[in-house]
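Source file: run.cif (mmCIF, C-alpha atoms, pLDDT in the B column; chains and numbers go by the auth columns)
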data_input
#
loop_
_atom_site.group_PDB
_atom_site.id
_atom_site.type_symbol
_atom_site.label_atom_id
_atom_site.label_comp_id
_atom_site.label_asym_id
_atom_site.label_seq_id
_atom_site.Cartn_x
_atom_site.Cartn_y
_atom_site.Cartn_z
_atom_site.B_iso_or_equiv
_atom_site.auth_seq_id
_atom_site.auth_asym_id
ATOM 1 C CA LEU A 1 68.811 137.758 146.263 95.00 1 A
ATOM 2 C CA GLY A 2 70.151 134.300 147.074 97.00 2 A
ATOM 3 C CA ARG A 3 66.684 132.790 147.301 98.00 3 A
ATOM 4 C CA ALA A 4 65.700 134.399 143.977 98.00 4 A
ATOM 5 C CA LEU A 5 68.845 133.050 142.306 98.00 5 A
ATOM 6 C CA GLY A 6 68.149 129.617 143.772 98.00 6 A
ATOM 7 C CA ASP A 7 64.569 129.653 142.467 98.00 7 A
ATOM 8 C CA GLU A 8 65.688 130.690 138.975 98.00 8 A
ATOM 9 C CA ALA A 9 68.430 128.066 138.947 98.00 9 A
ATOM 10 C CA ARG A 10 65.975 125.302 139.924 97.00 10 A
ATOM 11 C CA GLU A 11 63.532 126.457 137.255 98.00 11 A
ATOM 12 C CA GLN A 12 66.275 126.165 134.642 97.00 12 A
ATOM 13 C CA GLY A 13 67.630 122.833 135.887 97.00 13 A
ATOM 14 C CA VAL A 14 70.882 124.274 137.273 97.00 14 A
ATOM 15 C CA ALA A 15 72.249 122.201 140.158 97.00 15 A
ATOM 16 C CA VAL A 16 75.155 124.442 141.272 98.00 16 A
ATOM 17 C CA LEU A 17 75.658 128.183 140.800 97.00 17 A
ATOM 18 C CA LEU A 18 79.249 129.220 140.204 96.00 18 A
ATOM 19 C CA GLY A 19 79.465 131.827 142.922 97.00 19 A
ATOM 20 C CA PRO A 20 79.723 133.777 145.048 98.00 20 A
ATOM 21 C CA GLY A 21 83.139 135.280 144.468 97.00 21 A
ATOM 22 C CA VAL A 22 84.555 136.656 147.709 98.00 22 A
ATOM 23 C CA ASN A 23 88.038 137.694 146.649 96.00 23 A
ATOM 24 C CA MET A 24 89.202 141.117 147.724 95.00 24 A
ATOM 25 C CA LYS A 25 88.883 144.129 145.439 91.00 25 A
ATOM 26 C CA ARG A 26 92.585 144.982 145.685 85.00 26 A
ATOM 27 C CA SER A 27 93.100 146.461 142.219 84.00 27 A
ATOM 28 C CA PRO A 28 90.647 148.472 140.110 86.00 28 A
ATOM 29 C CA LEU A 29 92.074 146.623 137.102 84.00 29 A
ATOM 30 C CA CYS A 30 90.954 143.183 138.284 85.00 30 A
ATOM 31 C CA GLY A 31 88.639 141.861 135.607 85.00 31 A
ATOM 32 C CA ARG A 32 86.541 139.921 138.110 88.00 32 A
ATOM 33 C CA ASN A 33 85.734 142.830 140.445 88.00 33 A
ATOM 34 C CA PHE A 34 82.179 142.867 139.119 90.00 34 A
ATOM 35 C CA GLU A 35 81.682 139.502 140.884 92.00 35 A
ATOM 36 C CA TYR A 36 83.328 140.409 144.165 94.00 36 A
ATOM 37 C CA PHE A 37 81.540 142.120 147.026 95.00 37 A
ATOM 38 C CA SER A 38 84.032 144.370 148.723 94.00 38 A
ATOM 39 C CA GLU A 39 87.556 145.373 149.652 94.00 39 A
ATOM 40 C CA ASP A 40 86.689 144.467 153.240 97.00 40 A
ATOM 41 C CA PRO A 41 87.073 140.793 154.201 98.00 41 A
ATOM 42 C CA TYR A 42 84.417 140.827 156.912 98.00 42 A
ATOM 43 C CA LEU A 43 81.804 142.451 154.691 98.00 43 A
ATOM 44 C CA ALA A 44 82.644 140.136 151.770 98.00 44 A
ATOM 45 C CA GLY A 45 82.331 137.123 154.073 98.00 45 A
ATOM 46 C CA CYS A 46 78.991 138.198 155.525 98.00 46 A
ATOM 47 C CA LEU A 47 77.508 138.977 152.100 98.00 47 A
ATOM 48 C CA GLY A 48 78.896 135.743 150.692 98.00 48 A
ATOM 49 C CA ALA A 49 77.420 133.703 153.546 98.00 49 A
ATOM 50 C CA ALA A 50 73.981 135.276 153.039 98.00 50 A
ATOM 51 C CA TYR A 51 74.195 134.546 149.297 98.00 51 A
ATOM 52 C CA VAL A 52 75.102 130.891 149.929 98.00 52 A
ATOM 53 C CA GLU A 53 72.390 130.451 152.567 98.00 53 A
ATOM 54 C CA GLY A 54 69.765 131.920 150.239 98.00 54 A
ATOM 55 C CA VAL A 55 70.697 129.886 147.162 98.00 55 A
ATOM 56 C CA GLN A 56 71.150 126.626 149.040 98.00 56 A
ATOM 57 C CA SER A 57 67.834 127.090 150.891 98.00 57 A
ATOM 58 C CA ARG A 58 66.267 126.355 147.510 98.00 58 A
ATOM 59 C CA GLY A 59 68.125 123.062 147.038 98.00 59 A
ATOM 60 C CA VAL A 60 70.714 124.496 144.652 98.00 60 A
ATOM 61 C CA GLY A 61 74.407 124.340 145.476 98.00 61 A
ATOM 62 C CA THR A 62 76.974 127.117 145.348 98.00 62 A
ATOM 63 C CA SER A 63 80.626 127.218 144.403 98.00 63 A
ATOM 64 C CA LEU A 64 82.526 129.655 146.595 98.00 64 A
ATOM 65 C CA LYS A 65 85.337 131.162 144.531 97.00 65 A
ATOM 66 C CA HIS A 66 88.169 131.872 143.601 96.00 66 A
ATOM 67 C CA PHE A 67 90.123 130.104 146.357 97.00 67 A
ATOM 68 C CA ALA A 68 92.458 131.984 146.906 97.00 68 A
ATOM 69 C CA CYS A 69 94.242 135.286 146.308 95.00 69 A
ATOM 70 C CA ASN A 70 92.886 135.709 142.773 92.00 70 A
ATOM 71 C CA ASN A 71 92.800 139.491 142.962 89.00 71 A
ATOM 72 C CA GLN A 72 94.362 140.818 139.756 86.00 72 A
ATOM 73 C CA GLU A 73 93.946 140.577 136.023 85.00 73 A
ATOM 74 C CA THR A 74 97.550 140.731 134.785 86.00 74 A
ATOM 75 C CA ASN A 75 98.782 137.150 134.385 89.00 75 A
ATOM 76 C CA ARG A 76 95.760 135.980 136.400 85.00 76 A
ATOM 77 C CA LEU A 77 96.181 132.413 135.154 87.00 77 A
ATOM 78 C CA ILE A 78 99.836 132.027 136.101 90.00 78 A
ATOM 79 C CA VAL A 79 100.760 134.691 138.652 94.00 79 A
ATOM 80 C CA ASP A 80 102.278 133.592 141.938 96.00 80 A
ATOM 81 C CA ALA A 81 100.501 135.500 144.713 95.00 81 A
ATOM 82 C CA VAL A 82 103.180 135.714 147.390 97.00 82 A
ATOM 83 C CA VAL A 83 101.414 136.582 150.636 97.00 83 A
ATOM 84 C CA ASP A 84 102.676 136.559 154.218 97.00 84 A
ATOM 85 C CA GLU A 85 100.755 134.588 156.849 97.00 85 A
ATOM 86 C CA ARG A 86 99.089 137.511 158.586 98.00 86 A
ATOM 87 C CA ALA A 87 97.770 139.107 155.384 97.00 87 A
ATOM 88 C CA LEU A 88 96.763 135.697 154.043 98.00 88 A
ATOM 89 C CA HIS A 89 94.583 134.891 157.039 98.00 89 A
ATOM 90 C CA GLU A 90 93.313 138.356 157.986 97.00 90 A
ATOM 91 C CA LEU A 91 92.542 139.607 154.466 97.00 91 A
ATOM 92 C CA TYR A 92 92.484 137.014 151.725 97.00 92 A
ATOM 93 C CA LEU A 93 91.206 133.876 153.474 98.00 93 A
ATOM 94 C CA GLU A 94 88.892 135.534 155.989 98.00 94 A
ATOM 95 C CA PRO A 95 85.850 135.896 153.695 98.00 95 A
ATOM 96 C CA PHE A 96 86.196 132.241 152.655 98.00 96 A
ATOM 97 C CA ARG A 97 86.394 131.155 156.300 98.00 97 A
ATOM 98 C CA ILE A 98 83.297 133.144 157.207 98.00 98 A
ATOM 99 C CA VAL A 99 81.285 131.636 154.347 98.00 99 A
ATOM 100 C CA VAL A 100 82.445 128.074 155.016 98.00 100 A
ATOM 101 C CA GLU A 101 81.775 128.222 158.741 98.00 101 A
ATOM 102 C CA ARG A 102 78.434 130.071 158.535 98.00 102 A
ATOM 103 C CA ALA A 103 76.852 128.736 155.366 98.00 103 A
ATOM 104 C CA ARG A 104 78.585 125.444 154.356 98.00 104 A
ATOM 105 C CA PRO A 105 78.776 125.854 150.569 98.00 105 A
ATOM 106 C CA TRP A 106 78.453 122.646 148.561 98.00 106 A
ATOM 107 C CA THR A 107 81.639 123.353 146.617 98.00 107 A
ATOM 108 C CA ILE A 108 84.683 125.608 146.618 98.00 108 A
ATOM 109 C CA MET A 109 86.306 126.548 143.315 98.00 109 A
ATOM 110 C CA THR A 110 90.092 126.789 143.352 97.00 110 A
ATOM 111 C CA ALA A 111 91.717 129.716 141.577 96.00 111 A
ATOM 112 C CA TYR A 112 93.991 129.697 138.529 95.00 112 A
ATOM 113 C CA ASN A 113 96.956 131.344 140.228 95.00 113 A
ATOM 114 C CA LEU A 114 99.722 130.010 142.387 96.00 114 A
ATOM 115 C CA LEU A 115 99.715 130.855 146.077 97.00 115 A
ATOM 116 C CA ASN A 116 103.197 131.091 147.587 98.00 116 A
ATOM 117 C CA GLY A 117 104.659 128.890 144.868 97.00 117 A
ATOM 118 C CA THR A 118 101.936 126.243 144.473 97.00 118 A
ATOM 119 C CA TYR A 119 98.967 126.276 142.106 96.00 119 A
ATOM 120 C CA CYS A 120 95.760 126.570 144.133 97.00 120 A
ATOM 121 C CA SER A 121 94.338 123.405 142.518 95.00 121 A
ATOM 122 C CA GLU A 122 97.403 121.529 143.819 95.00 122 A
ATOM 123 C CA ASN A 123 97.727 123.268 147.184 97.00 123 A
ATOM 124 C CA GLU A 124 97.326 120.669 149.922 96.00 124 A
ATOM 125 C CA ARG A 125 97.806 123.251 152.685 97.00 125 A
ATOM 126 C CA LEU A 126 95.048 125.449 151.277 98.00 126 A
ATOM 127 C CA MET A 127 92.502 122.705 150.583 98.00 127 A
ATOM 128 C CA ARG A 128 93.122 120.123 153.305 96.00 128 A
ATOM 129 C CA ARG A 129 94.806 121.780 156.254 97.00 129 A
ATOM 130 C CA ILE A 130 93.033 125.128 156.096 98.00 130 A
ATOM 131 C CA GLY A 131 89.724 124.403 154.340 98.00 131 A
ATOM 132 C CA ARG A 132 88.922 120.946 155.626 98.00 132 A
ATOM 133 C CA GLU A 133 90.793 120.654 158.918 98.00 133 A
ATOM 134 C CA ALA A 134 90.701 124.221 160.287 98.00 134 A
ATOM 135 C CA TRP A 135 87.331 125.355 158.922 98.00 135 A
ATOM 136 C CA GLY A 136 85.457 122.046 158.612 98.00 136 A
ATOM 137 C CA PHE A 137 84.701 122.289 154.887 98.00 137 A
ATOM 138 C CA ASP A 138 82.999 119.031 153.888 97.00 138 A
ATOM 139 C CA GLY A 139 81.970 119.751 150.310 97.00 139 A
ATOM 140 C CA ALA A 140 83.784 119.224 147.019 97.00 140 A
ATOM 141 C CA TYR A 141 86.753 121.171 145.704 97.00 141 A
ATOM 142 C CA VAL A 142 86.464 121.926 141.996 96.00 142 A
ATOM 143 C CA CYS A 143 89.002 123.762 139.885 94.00 143 A
ATOM 144 C CA ASP A 144 88.200 126.788 137.808 94.00 144 A
ATOM 145 C CA TRP A 145 87.711 125.932 134.145 91.00 145 A
ATOM 146 C CA GLY A 146 91.052 124.628 132.875 86.00 146 A
ATOM 147 C CA ALA A 147 92.898 125.575 136.077 87.00 147 A
ATOM 148 C CA GLU A 148 94.134 122.077 136.888 85.00 148 A
ATOM 149 C CA SER A 149 97.688 121.751 135.624 81.00 149 A
ATOM 150 C CA SER A 150 99.066 118.562 137.175 79.00 150 A
ATOM 151 C CA ASN A 151 97.039 115.383 137.273 77.00 151 A
ATOM 152 C CA ALA A 152 99.663 113.848 139.552 76.00 152 A
ATOM 153 C CA ASP A 153 99.497 116.642 142.133 85.00 153 A
ATOM 154 C CA SER A 154 95.894 117.860 142.238 90.00 154 A
ATOM 155 C CA LEU A 155 94.043 114.753 143.451 89.00 155 A
ATOM 156 C CA PRO A 156 96.393 113.917 146.347 90.00 156 A
ATOM 157 C CA ALA A 157 96.342 117.598 147.387 93.00 157 A
ATOM 158 C CA GLY A 158 92.560 117.497 147.773 94.00 158 A
ATOM 159 C CA LEU A 159 91.009 118.510 144.451 94.00 159 A
ATOM 160 C CA ASP A 160 87.838 116.464 143.936 93.00 160 A
ATOM 161 C CA LEU A 161 86.643 117.498 140.489 91.00 161 A
ATOM 162 C CA VAL A 162 88.463 118.755 137.403 89.00 162 A
ATOM 163 C CA MET A 163 86.445 121.134 135.242 90.00 163 A
ATOM 164 C CA PRO A 164 85.248 121.430 132.555 84.00 164 A
ATOM 165 C CA GLY A 165 84.120 117.863 132.774 74.00 165 A
ATOM 166 C CA VAL A 166 85.855 114.597 132.157 68.00 166 A
ATOM 167 C CA ARG A 167 89.284 114.858 130.546 72.00 167 A
ATOM 168 C CA PRO A 168 90.647 111.651 129.007 75.00 168 A
ATOM 169 C CA ASP A 169 94.216 112.512 130.069 76.00 169 A
ATOM 170 C CA TYR A 170 93.108 112.981 133.668 76.00 170 A
ATOM 171 C CA ARG A 171 91.302 109.638 133.799 78.00 171 A
ATOM 172 C CA ALA A 172 94.240 107.835 132.205 82.00 172 A
ATOM 173 C CA ASP A 173 96.830 109.483 134.472 82.00 173 A
ATOM 174 C CA VAL A 174 94.858 108.798 137.646 83.00 174 A
ATOM 175 C CA ALA A 175 94.185 105.174 136.668 85.00 175 A
ATOM 176 C CA ALA A 176 97.857 104.623 135.812 87.00 176 A
ATOM 177 C CA ALA A 177 99.006 106.196 139.089 86.00 177 A
ATOM 178 C CA VAL A 178 96.644 104.010 141.148 88.00 178 A
ATOM 179 C CA ARG A 179 97.778 100.873 139.287 91.00 179 A
ATOM 180 C CA ALA A 180 101.454 101.847 139.752 92.00 180 A
ATOM 181 C CA GLY A 181 100.927 102.489 143.466 89.00 181 A
ATOM 182 C CA THR A 182 102.062 106.129 143.284 88.00 182 A
ATOM 183 C CA LEU A 183 98.553 107.331 144.122 86.00 183 A
ATOM 184 C CA PRO A 184 96.683 105.474 146.845 86.00 184 A
ATOM 185 C CA ALA A 185 93.232 104.315 145.843 88.00 185 A
ATOM 186 C CA SER A 186 92.043 105.904 149.087 87.00 186 A
ATOM 187 C CA ALA A 187 92.825 109.364 147.636 85.00 187 A
ATOM 188 C CA LEU A 188 90.594 108.607 144.673 84.00 188 A
ATOM 189 C CA ASP A 189 87.902 107.157 146.948 87.00 189 A
ATOM 190 C CA ARG A 190 88.028 110.307 149.111 86.00 190 A
ATOM 191 C CA ALA A 191 87.513 112.537 146.054 86.00 191 A
ATOM 192 C CA VAL A 192 84.628 110.389 144.832 85.00 192 A
#
Take the structure I supplied and represent it as structure tokens, if you would.
Amino acid sequence: LGRALGDEAREQGVAVLLGPGVNMKRSPLCGRNFEYFSEDPYLAGCLGAAYVEGVQSRGVGTSLKHFACNNQETNRLIVDAVVDERALHELYLEPFRIVVERARPWTIMTAYNLLNGTYCSENERLMRRIGREAWGFDGAYVCDWGAESSNADSLPAGLDLVMPGVRPDYRADVAAAVRAGTLPASALDRAV
């Protein structure tokens, strides 16, 4: 399946597929369940890794999503998913870890929601300490479409690309912060 998707994407000039989604099927009312593989983290991780390996074997990137705990529809864009450490690592992050360590996706897409009080696109612990340092993720973090809410917080936390595309307010805010010295140029260089 992954190889077939990669071939079709190349044929149509698509550089990165926005998937796979490896969030847990925790509620039958989650509007994204059609994208997700399973309610089991190990199975979701294994299927996600195979998907990524297949697509990327054709020279097309993937965007592992929705990082993390984006498992419901009600208030999906603003809900604060409050999750204890054991459940976070054993259930919700496990499929992401498996995919990152086995298949090295080109990108990871951050989720809309907050995780334990911090928006995922601004969550330094999630992106840097867990994704990059613990798992060795070396690709780009991109936010879900319109999910970046604070220009001042997302880039220093580890977000590399704001979607959909270039936003004039983002460019202006980042440039002003670098000039003012509140954002080190090294943070911008790292994202680039």
Do a neighbour search on Pro20 of chain A at 10 Å with only C-alpha atoms, toss out local chain neighbours closer than 2 positions, and write the hits as a short mmCIF file (atom, residue, chain, number, x, y, z; two decimals) with C-alpha atoms, in the frame of the given file.
data_model
loop_
_atom_site.label_atom_id
_atom_site.label_comp_id
_atom_site.auth_asym_id
_atom_site.auth_seq_id
_atom_site.Cartn_x
_atom_site.Cartn_y
_atom_site.Cartn_z
CA GLY A 2 70.15 134.30 147.07
CA LEU A 17 75.66 128.18 140.80
CA LEU A 18 79.25 129.22 140.20
CA VAL A 22 84.56 136.66 147.71
CA ASN A 23 88.04 137.69 146.65
CA GLU A 35 81.68 139.50 140.88
CA TYR A 36 83.33 140.41 144.16
CA PHE A 37 81.54 142.12 147.03
CA ALA A 44 82.64 140.14 151.77
CA GLY A 45 82.33 137.12 154.07
CA LEU A 47 77.51 138.98 152.10
CA GLY A 48 78.90 135.74 150.69
CA ALA A 49 77.42 133.70 153.55
CA ALA A 50 73.98 135.28 153.04
CA TYR A 51 74.19 134.55 149.30
CA VAL A 52 75.10 130.89 149.93
CA THR A 62 76.97 127.12 145.35
CA SER A 63 80.63 127.22 144.40
CA LEU A 64 82.53 129.66 146.60
CA LYS A 65 85.34 131.16 144.53
CA HIS A 66 88.17 131.87 143.60
CA VAL A 99 81.28 131.64 154.35
CA PRO A 105 78.78 125.85 150.57
CA ILE A 108 84.68 125.61 146.62
CA MET A 109 86.31 126.55 143.32
#
Å distance separating atom CA of Asn70 of chain A from atom CA of Glu8 of chain A, one decimal place: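 Atom CA of Glu8 of chain A lies at a distance of 27.9 Å from atom CA of Asn70 of chain A.
Residues matched by the PyMOL selection byres ((chain A and resi 61) around 6) in this file are Val16, Gln56, Val60, Thr62 and Trp106 of chain A.
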Tyr170 of chain A surroundings by only C-alpha atoms, 12 Å radius, close-in-sequence under 2 positions cut, as a list of chain:residue names: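 My list of contacting residues is A:Gly146, A:Glu148, A:Ser149, A:Ser150, A:Asn151, A:Ala152, A:Asp153, A:Ser154, A:Leu155, A:Leu161, A:Val162, A:Met163, A:Pro164, A:Gly165, A:Val166, A:Arg167, A:Pro168, A:Ala172, A:Asp173, A:Val174, A:Ala175, A:Ala176, A:Ala177.
Between atom CA of Asp144 of chain A and atom CA of Ile130 of chain A there is a distance of 19.0 Å.
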Nearest to Arg10 of chain A, chosen from A:Leu43, A:Met127, A:Leu29, A:Val55, with only C-alpha atoms counted in the distances: A:Val55
Residues matched by the PyMOL selection byres ((chain A and resi 93) around 12), written as a PyMOL selection string: chain A and resi 22-24+40-42+44-45+64-70+83-92+94-100+115+126-127+130-131+134-135
Separation of atom CA of Arg129 of chain A from atom CA of Ala81 of chain A in Å: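 About the pair atom CA of Ala81 of chain A and atom CA of Arg129 of chain A: they are 18.8 Å apart.
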Some atoms are missing, so please complete segment 67-78 of chain A with all heavy atoms and return it as a CSV table (one decimal), in the coordinates of the input.
chain,number,residue,atom,x,y,z
A,67,PHE,N,89.3,130.5,145.2
A,67,PHE,CA,90.1,130.1,146.4
A,67,PHE,C,91.6,129.8,146.0
A,67,PHE,O,91.9,128.8,145.4
A,67,PHE,CB,89.5,128.9,147.0
A,67,PHE,CG,89.9,128.5,148.4
A,67,PHE,CD1,89.9,129.4,149.4
A,67,PHE,CD2,90.3,127.2,148.7
A,67,PHE,CE1,90.3,129.1,150.7
A,67,PHE,CE2,90.7,126.9,149.9
A,67,PHE,CZ,90.7,127.8,151.0
A,68,ALA,N,92.5,130.7,146.2
A,68,ALA,CA,92.5,132.0,146.9
A,68,ALA,C,93.5,132.9,146.3
A,68,ALA,O,94.3,132.5,145.5
A,68,ALA,CB,92.8,131.7,148.4
A,69,CYS,N,93.3,134.2,146.7
A,69,CYS,CA,94.2,135.3,146.3
A,69,CYS,C,94.2,135.6,144.8
A,69,CYS,O,95.2,135.9,144.2
A,69,CYS,CB,95.7,135.0,146.8
A,69,CYS,SG,95.8,135.0,148.6
A,70,ASN,N,93.1,135.4,144.2
A,70,ASN,CA,92.9,135.7,142.8
A,70,ASN,C,92.3,137.1,142.7
A,70,ASN,O,91.1,137.3,142.5
A,70,ASN,CB,91.9,134.7,142.2
A,70,ASN,CG,91.9,134.8,140.7
A,70,ASN,OD1,90.9,135.2,140.1
A,70,ASN,ND2,92.9,134.3,140.0
A,71,ASN,N,93.2,138.1,142.8
A,71,ASN,CA,92.8,139.5,143.0
A,71,ASN,C,93.3,140.4,141.9
A,71,ASN,O,93.3,141.6,142.1
A,71,ASN,CB,93.2,140.0,144.3
A,71,ASN,CG,92.8,139.1,145.4
A,71,ASN,OD1,93.4,138.2,145.8
A,71,ASN,ND2,91.6,139.3,145.9
A,72,GLN,N,93.8,140.0,140.8
A,72,GLN,CA,94.4,140.8,139.8
A,72,GLN,C,94.1,140.2,138.4
A,72,GLN,O,93.8,139.0,138.3
A,72,GLN,CB,95.9,141.0,139.9
A,72,GLN,CG,96.7,139.8,139.6
A,72,GLN,CD,98.2,140.0,139.8
A,72,GLN,OE1,98.6,140.5,140.9
A,72,GLN,NE2,99.0,139.7,138.8
A,73,GLU,N,94.2,141.0,137.4
A,73,GLU,CA,93.9,140.6,136.0
A,73,GLU,C,95.2,140.2,135.3
A,73,GLU,O,95.3,139.2,134.6
A,73,GLU,CB,93.2,141.6,135.2
A,73,GLU,CG,92.6,141.1,133.9
A,73,GLU,CD,91.6,140.0,134.2
A,73,GLU,OE1,90.9,140.0,135.2
A,73,GLU,OE2,91.4,139.2,133.3
A,74,THR,N,96.3,141.0,135.5
A,74,THR,CA,97.6,140.7,134.8
A,74,THR,C,98.1,139.4,135.2
A,74,THR,O,98.3,139.1,136.3
A,74,THR,CB,98.6,141.8,135.1
A,74,THR,OG1,98.0,143.1,134.8
A,74,THR,CG2,99.9,141.6,134.3
A,75,ASN,N,98.3,138.5,134.2
A,75,ASN,CA,98.8,137.2,134.4
A,75,ASN,C,98.0,136.4,135.4
A,75,ASN,O,98.5,135.5,136.1
A,75,ASN,CB,100.3,137.2,134.8
A,75,ASN,CG,101.1,137.8,133.8
A,75,ASN,OD1,101.0,137.5,132.6
A,75,ASN,ND2,102.1,138.6,134.2
A,76,ARG,N,96.7,136.6,135.4
A,76,ARG,CA,95.8,136.0,136.4
A,76,ARG,C,95.9,134.5,136.4
A,76,ARG,O,95.7,133.8,137.4
A,76,ARG,CB,94.3,136.4,136.1
A,76,ARG,CG,93.3,135.9,137.1
A,76,ARG,CD,92.0,136.6,136.9
A,76,ARG,NE,91.4,136.3,135.6
A,76,ARG,CZ,90.5,135.3,135.4
A,76,ARG,NH1,90.1,134.6,136.5
A,76,ARG,NH2,89.9,135.1,134.3
A,77,LEU,N,96.2,133.9,135.3
A,77,LEU,CA,96.2,132.4,135.2
A,77,LEU,C,97.5,131.8,135.7
A,77,LEU,O,97.5,130.6,136.0
A,77,LEU,CB,96.0,132.0,133.7
A,77,LEU,CG,94.7,132.5,133.0
A,77,LEU,CD1,94.6,132.0,131.6
A,77,LEU,CD2,93.5,132.2,133.8
A,78,ILE,N,98.5,132.6,135.8
A,78,ILE,CA,99.8,132.0,136.1
A,78,ILE,C,100.6,132.8,137.2
A,78,ILE,O,101.7,132.4,137.6
A,78,ILE,CB,100.7,131.9,134.9
A,78,ILE,CG1,101.0,133.3,134.2
A,78,ILE,CG2,100.2,130.9,133.9
A,78,ILE,CD1,102.0,133.3,133.2
